[in-house]
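**Student:** Contents of upload-v9.cif (mmCIF, C-alpha atoms and all ligand atoms):
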data_my_file
loop_
_atom_site.label_atom_id
_atom_site.label_comp_id
_atom_site.auth_asym_id
_atom_site.auth_seq_id
_atom_site.Cartn_x
_atom_site.Cartn_y
_atom_site.Cartn_z
CA MET Z 22 -48.10 -22.83 43.43
CA CYS Z 23 -45.71 -25.72 42.69
CA GLU Z 24 -42.01 -25.08 42.07
CA ASN Z 25 -42.32 -25.33 38.28
CA GLU Z 26 -45.24 -22.94 38.13
CA GLN Z 27 -43.35 -20.49 40.35
CA GLU Z 28 -40.38 -20.66 37.97
CA VAL Z 29 -42.63 -19.95 34.97
CA TRP Z 30 -44.23 -17.00 36.75
CA SER Z 31 -40.95 -15.50 37.88
CA ASN Z 32 -39.69 -15.55 34.28
CA ARG Z 33 -42.59 -13.40 33.12
CA PRO Z 34 -42.01 -9.70 32.37
CA ILE Z 35 -42.95 -6.66 34.42
CA GLY Z 36 -45.59 -4.42 32.83
CA VAL Z 37 -44.79 -0.71 33.04
CA PHE Z 38 -47.07 1.98 31.69
CA ASP Z 39 -47.35 5.71 31.34
CA SER Z 40 -49.32 8.23 29.33
CA GLY Z 41 -46.28 8.50 27.04
CA VAL Z 42 -42.53 8.80 27.41
CA GLY Z 43 -42.31 9.99 31.04
CA GLY Z 44 -42.52 6.49 32.48
CA LEU Z 45 -39.27 5.66 30.76
CA THR Z 46 -37.54 7.41 33.68
CA VAL Z 47 -39.08 4.73 35.91
CA ALA Z 48 -38.33 1.92 33.44
CA ARG Z 49 -34.70 3.12 33.33
CA GLU Z 50 -34.44 2.77 37.09
CA ILE Z 51 -36.02 -0.71 37.03
CA MET Z 52 -33.50 -1.75 34.35
CA ARG Z 53 -30.70 -0.47 36.57
CA GLN Z 54 -31.87 -1.98 39.87
CA LEU Z 55 -33.39 -5.21 38.53
CA PRO Z 56 -31.20 -6.25 35.58
CA ASN Z 57 -32.66 -9.78 35.46
CA GLU Z 58 -36.19 -8.58 34.84
CA ARG Z 59 -37.85 -8.38 31.47
CA ILE Z 60 -40.07 -5.35 30.83
CA VAL Z 61 -43.07 -4.73 28.62
CA TYR Z 62 -43.55 -0.96 28.41
CA PHE Z 63 -46.67 0.75 27.12
CA GLY Z 64 -46.76 4.51 26.41
CA ASP Z 65 -50.17 5.95 25.57
CA THR Z 66 -48.74 8.40 23.04
CA ALA Z 67 -52.07 8.82 21.23
CA ARG Z 68 -53.87 10.08 24.33
CA VAL Z 69 -51.15 11.93 26.25
CA PRO Z 70 -51.40 14.10 28.35
CA TYR Z 71 -53.36 12.51 31.18
CA GLY Z 72 -52.52 15.37 33.52
CA ASN Z 73 -55.41 17.59 32.40
CA LYS Z 74 -58.02 14.82 32.12
CA SER Z 75 -60.78 13.76 34.50
CA ARG Z 76 -60.62 10.88 36.95
CA GLU Z 77 -63.14 8.89 34.86
CA THR Z 78 -61.07 9.20 31.70
CA ILE Z 79 -57.79 8.34 33.43
CA VAL Z 80 -59.38 5.27 35.06
CA LYS Z 81 -60.84 4.15 31.71
CA PHE Z 82 -57.49 4.53 29.91
CA SER Z 83 -55.60 2.79 32.71
CA ARG Z 84 -58.00 -0.17 32.70
CA GLN Z 85 -57.51 -0.62 28.96
CA ILE Z 86 -53.73 -0.58 29.37
CA VAL Z 87 -53.83 -3.10 32.20
CA ARG Z 88 -55.96 -5.40 30.04
CA PHE Z 89 -53.40 -5.08 27.25
CA LEU Z 90 -50.49 -5.77 29.60
CA GLN Z 91 -52.25 -8.86 30.89
CA THR Z 92 -52.34 -10.22 27.34
CA GLN Z 93 -48.54 -9.95 27.48
CA LYS Z 94 -48.56 -12.24 30.53
CA VAL Z 95 -46.92 -9.81 32.92
CA LYS Z 96 -46.31 -10.92 36.51
CA ALA Z 97 -46.60 -7.45 38.05
CA ILE Z 98 -47.51 -3.94 36.93
CA VAL Z 99 -45.90 -0.57 37.65
CA VAL Z 100 -48.09 2.45 37.04
CA ALA Z 101 -45.22 4.73 36.00
CA CYS Z 102 -47.41 7.82 35.75
CA ASN Z 103 -48.28 10.04 38.66
CA SER Z 104 -51.63 11.13 37.22
CA ALA Z 105 -52.70 7.50 36.71
CA SER Z 106 -51.31 6.50 40.11
CA ALA Z 107 -53.32 9.35 41.68
CA TYR Z 108 -56.65 8.46 40.11
CA ALA Z 109 -56.58 4.84 38.97
CA LEU Z 110 -54.27 2.82 41.22
CA GLU Z 111 -56.78 2.20 44.02
CA VAL Z 112 -59.37 1.00 41.48
CA LEU Z 113 -56.86 -1.23 39.66
CA GLU Z 114 -55.67 -2.77 42.92
CA GLN Z 115 -59.22 -4.08 43.46
CA GLU Z 116 -59.46 -5.47 39.95
CA VAL Z 117 -56.20 -7.24 39.19
CA ASP Z 118 -54.85 -10.35 40.87
CA ILE Z 119 -51.15 -9.63 40.31
CA PRO Z 120 -49.02 -7.16 42.29
CA ILE Z 121 -49.49 -3.58 41.12
CA ILE Z 122 -47.71 -0.47 42.41
CA GLY Z 123 -47.68 3.22 41.56
CA VAL Z 124 -45.10 5.96 42.01
CA ILE Z 125 -46.74 8.22 44.56
CA LYS Z 126 -46.36 6.32 47.85
CA SER Z 127 -42.67 5.83 47.12
CA GLY Z 128 -42.09 9.53 46.50
CA ALA Z 129 -44.07 10.53 49.59
CA ARG Z 130 -42.15 8.07 51.77
CA THR Z 131 -38.77 9.33 50.58
CA ALA Z 132 -39.76 12.96 51.13
CA ILE Z 133 -40.79 12.23 54.72
CA GLN Z 134 -37.41 10.61 55.33
CA VAL Z 135 -35.31 13.41 53.90
CA THR Z 136 -37.09 16.57 55.03
CA ARG Z 137 -35.40 18.42 57.87
CA ASN Z 138 -37.87 21.27 58.42
CA GLY Z 139 -41.09 19.37 57.55
CA LYS Z 140 -41.89 21.69 54.61
CA ILE Z 141 -42.33 19.60 51.48
CA GLY Z 142 -43.17 20.85 48.00
CA VAL Z 143 -44.72 18.78 45.23
CA ILE Z 144 -44.64 19.74 41.56
CA ALA Z 145 -46.87 17.71 39.26
CA THR Z 146 -49.67 17.82 36.71
CA GLU Z 147 -53.01 19.47 37.44
CA ALA Z 148 -54.60 16.02 37.92
CA THR Z 149 -52.05 14.88 40.49
CA ILE Z 150 -52.10 18.14 42.44
CA GLY Z 151 -55.92 18.30 42.22
CA SER Z 152 -56.21 14.79 43.68
CA GLY Z 153 -54.41 15.93 46.85
CA ILE Z 154 -52.90 12.46 47.09
CA TYR Z 155 -49.30 13.41 47.91
CA LYS Z 156 -50.53 15.62 50.74
CA ARG Z 157 -52.76 12.82 52.04
CA TYR Z 158 -49.99 10.18 52.03
CA ILE Z 159 -47.44 12.51 53.58
CA GLN Z 160 -49.72 13.77 56.32
CA GLU Z 161 -50.95 10.24 57.12
CA ASN Z 162 -47.36 9.44 58.04
CA ASN Z 163 -46.28 12.79 59.41
CA ALA Z 164 -49.17 14.91 60.63
CA GLU Z 165 -46.80 17.79 61.35
CA ALA Z 166 -45.59 18.11 57.75
CA THR Z 167 -46.61 21.07 55.62
CA VAL Z 168 -47.19 20.10 51.98
CA LEU Z 169 -47.39 22.67 49.23
CA GLY Z 170 -48.44 21.46 45.79
CA LYS Z 171 -47.86 23.35 42.56
CA ALA Z 172 -49.22 22.28 39.18
CA CYS Z 173 -46.69 22.92 36.39
CA PRO Z 174 -48.64 22.11 33.21
CA LEU Z 175 -46.09 23.59 30.81
CA PHE Z 176 -43.27 21.31 31.94
CA VAL Z 177 -44.57 18.24 30.07
CA PRO Z 178 -44.64 19.90 26.61
CA LEU Z 179 -41.25 21.51 27.26
CA VAL Z 180 -39.75 18.13 28.09
CA GLU Z 181 -41.41 16.51 25.08
CA GLU Z 182 -39.97 19.25 22.87
CA GLY Z 183 -36.53 18.37 24.20
CA LEU Z 184 -36.05 21.80 25.84
CA TRP Z 185 -34.41 20.28 28.92
CA GLU Z 186 -31.75 22.96 29.16
CA ASP Z 187 -33.17 26.10 27.62
CA PRO Z 188 -33.79 29.74 28.65
CA VAL Z 189 -37.53 29.25 28.02
CA THR Z 190 -37.66 26.34 30.46
CA ASP Z 191 -35.63 28.37 32.97
CA GLU Z 192 -38.04 31.28 32.75
CA ILE Z 193 -41.14 29.14 33.19
CA ALA Z 194 -39.56 27.13 35.99
CA LYS Z 195 -38.77 30.37 37.86
CA ARG Z 196 -42.40 31.46 37.63
CA TYR Z 197 -43.68 28.11 38.89
CA LEU Z 198 -41.12 27.60 41.63
CA THR Z 199 -40.88 31.07 43.21
CA GLU Z 200 -43.77 30.48 45.62
CA LEU Z 201 -42.20 27.22 46.79
CA ILE Z 202 -38.91 29.01 47.45
CA ASP Z 203 -40.76 31.79 49.31
CA VAL Z 204 -42.35 29.38 51.82
CA GLY Z 205 -38.98 27.78 52.56
CA ILE Z 206 -39.51 24.16 51.53
CA ASP Z 207 -36.41 22.02 51.99
CA THR Z 208 -37.64 19.03 49.96
CA LEU Z 209 -39.26 18.98 46.53
CA ILE Z 210 -40.93 15.93 45.01
CA LEU Z 211 -40.70 15.65 41.22
CA GLY Z 212 -44.28 14.37 41.12
CA CYS Z 213 -44.49 13.81 37.38
CA THR Z 214 -42.49 11.20 35.52
CA HIS Z 215 -41.39 13.76 32.90
CA TYR Z 216 -39.73 16.05 35.42
CA PRO Z 217 -36.51 14.09 36.10
CA MET Z 218 -35.48 15.20 32.60
CA ILE Z 219 -35.40 18.83 33.80
CA ARG Z 220 -34.00 17.97 37.20
CA SER Z 221 -30.91 20.14 36.77
CA THR Z 222 -32.97 23.21 35.81
CA VAL Z 223 -35.28 22.72 38.79
CA GLY Z 224 -32.33 22.04 41.10
CA ARG Z 225 -30.48 25.16 39.99
CA ILE Z 226 -33.52 27.36 40.62
CA MET Z 227 -34.42 25.80 43.98
CA GLY Z 228 -30.82 25.98 45.22
CA SER Z 229 -28.57 23.43 46.87
CA ASP Z 230 -30.40 23.50 50.23
CA VAL Z 231 -33.48 21.89 48.68
CA THR Z 232 -33.40 18.12 48.21
CA LEU Z 233 -35.09 16.91 45.04
CA VAL Z 234 -36.94 13.59 45.30
CA ASN Z 235 -37.32 11.48 42.17
CA PRO Z 236 -39.89 8.76 43.01
CA ALA Z 237 -38.48 6.50 40.25
CA TYR Z 238 -35.60 5.33 42.41
CA GLU Z 239 -37.75 4.33 45.37
CA THR Z 240 -40.42 2.79 43.10
CA ALA Z 241 -37.86 0.40 41.58
CA HIS Z 242 -36.66 -0.41 45.08
CA GLU Z 243 -40.23 -1.11 46.24
CA LEU Z 244 -40.80 -3.32 43.18
CA LYS Z 245 -37.71 -5.32 44.04
CA ARG Z 246 -38.92 -5.81 47.61
CA LEU Z 247 -42.37 -6.84 46.40
CA LEU Z 248 -41.00 -9.40 43.92
CA GLN Z 249 -38.80 -10.88 46.62
CA GLU Z 250 -41.68 -11.10 49.10
CA THR Z 251 -43.98 -12.78 46.58
CA GLY Z 252 -41.29 -15.13 45.25
CA LEU Z 253 -41.62 -13.58 41.79
CA GLU Z 254 -38.10 -12.23 41.41
CA SER Z 255 -36.32 -13.53 38.32
CA SER Z 256 -33.21 -15.33 39.49
CA HIS Z 257 -31.20 -15.11 36.27
CA ARG Z 258 -30.83 -12.91 33.23
CA PRO Z 259 -32.97 -14.23 30.36
CA GLY Z 260 -30.98 -16.27 27.85
CA LEU Z 261 -29.83 -15.16 24.42
CA GLY Z 262 -32.67 -14.79 21.97
CA THR Z 263 -35.12 -13.62 24.64
CA GLU Z 264 -36.12 -10.03 24.17
CA LEU Z 265 -35.38 -8.29 27.46
CA TYR Z 266 -37.38 -5.13 26.85
CA ARG Z 267 -40.38 -4.63 24.58
CA PHE Z 268 -42.05 -1.31 23.87
CA PHE Z 269 -45.60 -0.60 22.71
CA VAL Z 270 -47.28 2.73 22.04
CA SER Z 271 -50.66 3.90 20.79
CA ASP Z 272 -49.23 6.32 18.19
CA ALA Z 273 -46.08 7.86 16.69
CA ALA Z 274 -43.65 5.00 17.32
CA ASP Z 275 -40.73 6.77 15.60
CA LYS Z 276 -40.95 9.82 17.84
CA PHE Z 277 -41.21 7.60 20.92
CA GLN Z 278 -38.23 5.56 19.83
CA LYS Z 279 -36.08 8.65 19.31
CA PHE Z 280 -37.01 9.99 22.72
CA ALA Z 281 -36.44 6.63 24.40
CA ASN Z 282 -33.03 6.28 22.82
CA SER Z 283 -32.04 9.66 24.22
CA ILE Z 284 -32.70 8.62 27.82
CA LEU Z 285 -32.15 4.85 27.97
CA THR Z 286 -28.64 3.49 27.87
CA TYR Z 287 -30.11 0.33 26.41
CA GLY Z 288 -30.93 1.29 22.78
CA ILE Z 289 -34.50 0.24 22.05
CA LEU Z 290 -34.82 -1.76 18.88
CA SER Z 291 -38.36 -0.78 18.02
CA ALA Z 292 -41.69 0.30 19.41
CA LYS Z 293 -44.86 -1.27 18.12
CA VAL Z 294 -48.11 0.63 17.66
CA ILE Z 295 -51.22 -1.09 19.04
CA ASN Z 296 -54.88 -0.07 19.08
CA ILE Z 297 -55.38 0.45 22.79
CA GLU Z 298 -59.07 1.30 22.30
CA ALA Z 299 -59.62 -2.35 21.44
CA TYR Z 300 -58.81 -3.47 25.01
N1 LIG V 401 -46.55 11.03 33.02
C1 LIG V 401 -47.52 11.98 33.51
C2 LIG V 401 -47.45 12.03 35.02
O1 LIG V 401 -46.52 11.53 35.63
C3 LIG V 401 -47.29 13.34 32.92
C4 LIG V 401 -47.72 13.49 31.50
C5 LIG V 401 -49.21 13.59 31.36
O2 LIG V 401 -49.81 14.61 31.73
O3 LIG V 401 -49.77 12.62 30.87
O4 LIG V 401 -48.33 12.57 35.64
#
Kindly present the structure from the file in structure tokens form.
Ligand code: DGL
**Tutor:**
Amino acid sequence: MCENEQEVWSNRPIGVFDSGVGGLTVAREIMRQLPNERIVYFGDTARVPYGNKSRETIVKFSRQIVRFLQTQKVKAIVVACNSASAYALEVLEQEVDIPIIGVIKSGARTAIQVTRNGKIGVIATEATIGSGIYKRYIQENNAEATVLGKACPLFVPLVEEGLWEDPVTDEIAKRYLTELIDVGIDTLILGCTHYPMIRSTVGRIMGSDVTLVNPAYETAHELKRLLQETGLESSHRPGLGTELYRFFVSDAADKFQKFANSILTYGILSAKVINIEAY
């Protein structure tokens, strides 16, 4: 690639996608750690949740989204959804010729670094827990580690309803988390991109001896490393008149926008609805 071409490529945006709003927790971290990067975000709000769907369906949806993001001329893609990272990332890696990363390896790596007693818990959707992928990654790097996964399917609707601090969420969290407390885990991976929104509830129930791992932080860090290695890092903040962040959804743009504005410090101007089935 000649210098000019490299410059054009490095000015392209990063594609970030999720089944809906959860991936905004990852986008937020990318905005924080990589302020020069433009982002095109897609939330599949018409087809959320992915967490109770089959591998075939999640792979099909993810392929459509990647095709859409490629029409937006992205230079790299972040699969900001654990369920899609669990089932579709390995397939997508074979099919796209730009860097693509998910959120699971990052979370697993951090958990291995921070655990003191080798007992790691993972809370996530049924799809992510069913895939066994966190356990596989962790035990590939630390065969001694014990990994206990717990599907928490009610957390996603509670977060989407805005019940981040609520007695109902507390009650359900206690039911889900008791068995993890009983086995004495000292590290808990928030293995679903919605869960950082209820981090304080989960933290309060687990107690201060348990370290919570939010894969978003490490994912943004890994993205930064990858862009540097491939020479794709944007060296300057895009000029005035360039839209830094663009948001697309497959349904209910107003609801998405309201939610996004409650978690992003950067107020989103608008979200555009596209027909993802056409890709
Ligand atoms: N964002 C999804 C994940 O991280 C959770 C929501 C869903 O089930 O689609 O797995």
**Student:** Taking all atoms of range 187-199 of chain Z that appear in the file, build a box with edges along x, y and z, extend it by 5 Å on every side, and state its centre and edge lengths in Å to one decimal, as lines of an AutoDock Vina configuration file.
**Tutor:**
center_x = -38.4
center_y = 28.8
center_z = 35.4
size_x = 20.5
size_y = 15.4
size_z = 25.6
**Student:** Of the candidates Z:Val234, Z:Ile206, Z:Met52, Z:Ala101, which shows the shortest atom-to-atom distance to ligand LIG 401 (chain V), using all atoms listed in the file?
**Tutor:**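 Checking each candidate against ligand LIG 401 (chain V), we get Z:Ala101 as the closest.
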**Student:** For a quick check of understanding, using all atoms listed in the file, which of Z:Val61, Z:Ile35, Z:Ala48, Z:Val143 has the smallest distance to Leu211 in chain Z?
**Tutor:**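 Under the stated criterion, the closest residue is Z:Val143.
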**Student:** Using only C-alpha atoms, which of the listed residues (Z:Ile125, Z:Val168, Z:Val270, Z:Ile144) sits closest to Arg220 in chain Z?
**Tutor:** Z:Ile144
**Student:** Please check which protein, DNA or RNA residues sit within 6 Å of ligand LIG 401 (chain V), counting all atoms listed in the file, and write them as a list in words.
**Tutor:**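 Result of the 6 Å neighbour search around ligand LIG 401 (chain V): Asp39, Ser40, Gly43, Val69, Pro70, Tyr71, Gly72, Cys102, Asn103, Ser104, Thr146, Val177, Cys213, Thr214 and His215 of chain Z.
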**Student:** Counting only C-alpha atoms, figure out which residue out of Z:Glu165, Z:Ser221, Z:Asp207, Z:Gly36 gets nearest to Asp191 in chain Z.
**Tutor:** Z:Ser221
**Student:** Enter the distance from CA of Phe63 in chain Z to CA of Tyr155 in chain Z, in Å, rounded to one decimal.
**Tutor:**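 So the answer is 24.5 Å.
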**Student:** Can you measure CA of Ile79 in chain Z to CA of Val112 in chain Z for me? One decimal in Å is fine.
**Tutor:** 11.0 Å
**Student:** What is the distance, in Å and to one decimal place, between CA of Lys293 in chain Z and CA of Val29 in chain Z?
**Tutor:**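 So the answer is 25.3 Å.
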**Student:** At a cut-off of 9 Å, using all atoms listed in the file, what residues contact Asn163 in chain Z? Leave out same-chain residues fewer than 4 positions from it and give the result as a PyMOL selection string.
**Tutor:** chain Z and resi 133+139+158-159
**Student:** Of the candidates Z:Leu55, Z:Ile154, Z:Ile141, Z:Leu45, which shows the shortest atom-to-atom distance to His242 in chain Z, using all atoms listed in the file?
**Tutor:**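 When distances to His242 in chain Z are compared using all atoms listed in the file, the smallest one comes from Z:Leu55.
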**Student:** Place all heavy atoms on range 121-132 of chain Z and deliver the coordinates as a PDB file, in the coordinates of the input.
**Tutor:**
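Ended up saving to result-v8.pdb:
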ATOM      1  N   ILE Z 121     -49.478  -4.819  41.906  1.00  0.00           N
ATOM      2  CA  ILE Z 121     -49.490  -3.580  41.120  1.00  0.00           C
ATOM      3  C   ILE Z 121     -49.080  -2.419  42.041  1.00  0.00           C
ATOM      4  O   ILE Z 121     -49.579  -2.318  43.164  1.00  0.00           O
ATOM      5  CB  ILE Z 121     -50.864  -3.347  40.442  1.00  0.00           C
ATOM      6  CG1 ILE Z 121     -50.869  -2.040  39.631  1.00  0.00           C
ATOM      7  CG2 ILE Z 121     -52.028  -3.362  41.420  1.00  0.00           C
ATOM      8  CD1 ILE Z 121     -52.004  -1.968  38.607  1.00  0.00           C
ATOM      9  N   ILE Z 122     -48.132  -1.613  41.586  1.00  0.00           N
ATOM     10  CA  ILE Z 122     -47.710  -0.470  42.410  1.00  0.00           C
ATOM     11  C   ILE Z 122     -47.670   0.802  41.558  1.00  0.00           C
ATOM     12  O   ILE Z 122     -47.539   0.737  40.338  1.00  0.00           O
ATOM     13  CB  ILE Z 122     -46.316  -0.672  43.077  1.00  0.00           C
ATOM     14  CG1 ILE Z 122     -45.211  -0.898  42.027  1.00  0.00           C
ATOM     15  CG2 ILE Z 122     -46.332  -1.806  44.071  1.00  0.00           C
ATOM     16  CD1 ILE Z 122     -43.797  -0.816  42.613  1.00  0.00           C
ATOM     17  N   GLY Z 123     -47.770   1.938  42.246  1.00  0.00           N
ATOM     18  CA  GLY Z 123     -47.680   3.220  41.560  1.00  0.00           C
ATOM     19  C   GLY Z 123     -46.397   3.938  41.999  1.00  0.00           C
ATOM     20  O   GLY Z 123     -45.511   3.325  42.605  1.00  0.00           O
ATOM     21  N   VAL Z 124     -46.320   5.222  41.693  1.00  0.00           N
ATOM     22  CA  VAL Z 124     -45.100   5.960  42.010  1.00  0.00           C
ATOM     23  C   VAL Z 124     -45.262   6.943  43.176  1.00  0.00           C
ATOM     24  O   VAL Z 124     -44.275   7.496  43.656  1.00  0.00           O
ATOM     25  CB  VAL Z 124     -44.597   6.754  40.761  1.00  0.00           C
ATOM     26  CG1 VAL Z 124     -43.932   5.836  39.767  1.00  0.00           C
ATOM     27  CG2 VAL Z 124     -45.704   7.547  40.094  1.00  0.00           C
ATOM     28  N   ILE Z 125     -46.506   7.126  43.617  1.00  0.00           N
ATOM     29  CA  ILE Z 125     -46.740   8.220  44.560  1.00  0.00           C
ATOM     30  C   ILE Z 125     -46.337   7.880  46.003  1.00  0.00           C
ATOM     31  O   ILE Z 125     -45.665   8.683  46.667  1.00  0.00           O
ATOM     32  CB  ILE Z 125     -48.207   8.681  44.466  1.00  0.00           C
ATOM     33  CG1 ILE Z 125     -48.383   9.352  43.089  1.00  0.00           C
ATOM     34  CG2 ILE Z 125     -48.571   9.629  45.595  1.00  0.00           C
ATOM     35  CD1 ILE Z 125     -49.746   9.883  42.795  1.00  0.00           C
ATOM     36  N   LYS Z 126     -46.716   6.682  46.453  1.00  0.00           N
ATOM     37  CA  LYS Z 126     -46.360   6.320  47.850  1.00  0.00           C
ATOM     38  C   LYS Z 126     -44.850   6.353  48.040  1.00  0.00           C
ATOM     39  O   LYS Z 126     -44.358   6.803  49.070  1.00  0.00           O
ATOM     40  CB  LYS Z 126     -46.880   4.918  48.172  1.00  0.00           C
ATOM     41  CG  LYS Z 126     -48.294   4.929  48.679  1.00  0.00           C
ATOM     42  CD  LYS Z 126     -48.703   3.586  49.258  1.00  0.00           C
ATOM     43  CE  LYS Z 126     -50.175   3.644  49.597  1.00  0.00           C
ATOM     44  NZ  LYS Z 126     -50.835   2.381  49.628  1.00  0.00           N
ATOM     45  N   SER Z 127     -44.129   5.874  47.016  1.00  0.00           N
ATOM     46  CA  SER Z 127     -42.670   5.830  47.120  1.00  0.00           C
ATOM     47  C   SER Z 127     -42.095   7.237  47.270  1.00  0.00           C
ATOM     48  O   SER Z 127     -41.222   7.476  48.104  1.00  0.00           O
ATOM     49  CB  SER Z 127     -42.056   5.209  45.862  1.00  0.00           C
ATOM     50  OG  SER Z 127     -42.645   4.002  45.583  1.00  0.00           O
ATOM     51  N   GLY Z 128     -42.584   8.150  46.448  1.00  0.00           N
ATOM     52  CA  GLY Z 128     -42.090   9.530  46.500  1.00  0.00           C
ATOM     53  C   GLY Z 128     -42.417  10.183  47.828  1.00  0.00           C
ATOM     54  O   GLY Z 128     -41.583  10.874  48.429  1.00  0.00           O
ATOM     55  N   ALA Z 129     -43.641   9.933  48.316  1.00  0.00           N
ATOM     56  CA  ALA Z 129     -44.070  10.530  49.590  1.00  0.00           C
ATOM     57  C   ALA Z 129     -43.193  10.005  50.734  1.00  0.00           C
ATOM     58  O   ALA Z 129     -42.743  10.767  51.594  1.00  0.00           O
ATOM     59  CB  ALA Z 129     -45.542  10.196  49.839  1.00  0.00           C
ATOM     60  N   ARG Z 130     -42.942   8.696  50.701  1.00  0.00           N
ATOM     61  CA  ARG Z 130     -42.150   8.070  51.770  1.00  0.00           C
ATOM     62  C   ARG Z 130     -40.724   8.648  51.805  1.00  0.00           C
ATOM     63  O   ARG Z 130     -40.209   8.987  52.861  1.00  0.00           O
ATOM     64  CB  ARG Z 130     -42.093   6.561  51.520  1.00  0.00           C
ATOM     65  CG  ARG Z 130     -41.804   5.770  52.761  1.00  0.00           C
ATOM     66  CD  ARG Z 130     -41.799   4.269  52.508  1.00  0.00           C
ATOM     67  NE  ARG Z 130     -42.992   3.751  51.899  1.00  0.00           N
ATOM     68  CZ  ARG Z 130     -43.033   3.068  50.747  1.00  0.00           C
ATOM     69  NH1 ARG Z 130     -41.937   2.843  50.061  1.00  0.00           N
ATOM     70  NH2 ARG Z 130     -44.166   2.608  50.270  1.00  0.00           N
ATOM     71  N   THR Z 131     -40.133   8.795  50.627  1.00  0.00           N
ATOM     72  CA  THR Z 131     -38.770   9.330  50.580  1.00  0.00           C
ATOM     73  C   THR Z 131     -38.749  10.770  51.110  1.00  0.00           C
ATOM     74  O   THR Z 131     -37.857  11.151  51.874  1.00  0.00           O
ATOM     75  CB  THR Z 131     -38.217   9.314  49.135  1.00  0.00           C
ATOM     76  OG1 THR Z 131     -38.439   8.026  48.596  1.00  0.00           O
ATOM     77  CG2 THR Z 131     -36.744   9.638  49.086  1.00  0.00           C
ATOM     78  N   ALA Z 132     -39.734  11.551  50.697  1.00  0.00           N
ATOM     79  CA  ALA Z 132     -39.760  12.960  51.130  1.00  0.00           C
ATOM     80  C   ALA Z 132     -39.847  13.066  52.647  1.00  0.00           C
ATOM     81  O   ALA Z 132     -39.156  13.896  53.265  1.00  0.00           O
ATOM     82  CB  ALA Z 132     -40.929  13.677  50.468  1.00  0.00           C
TER      83      ALA Z 132
END
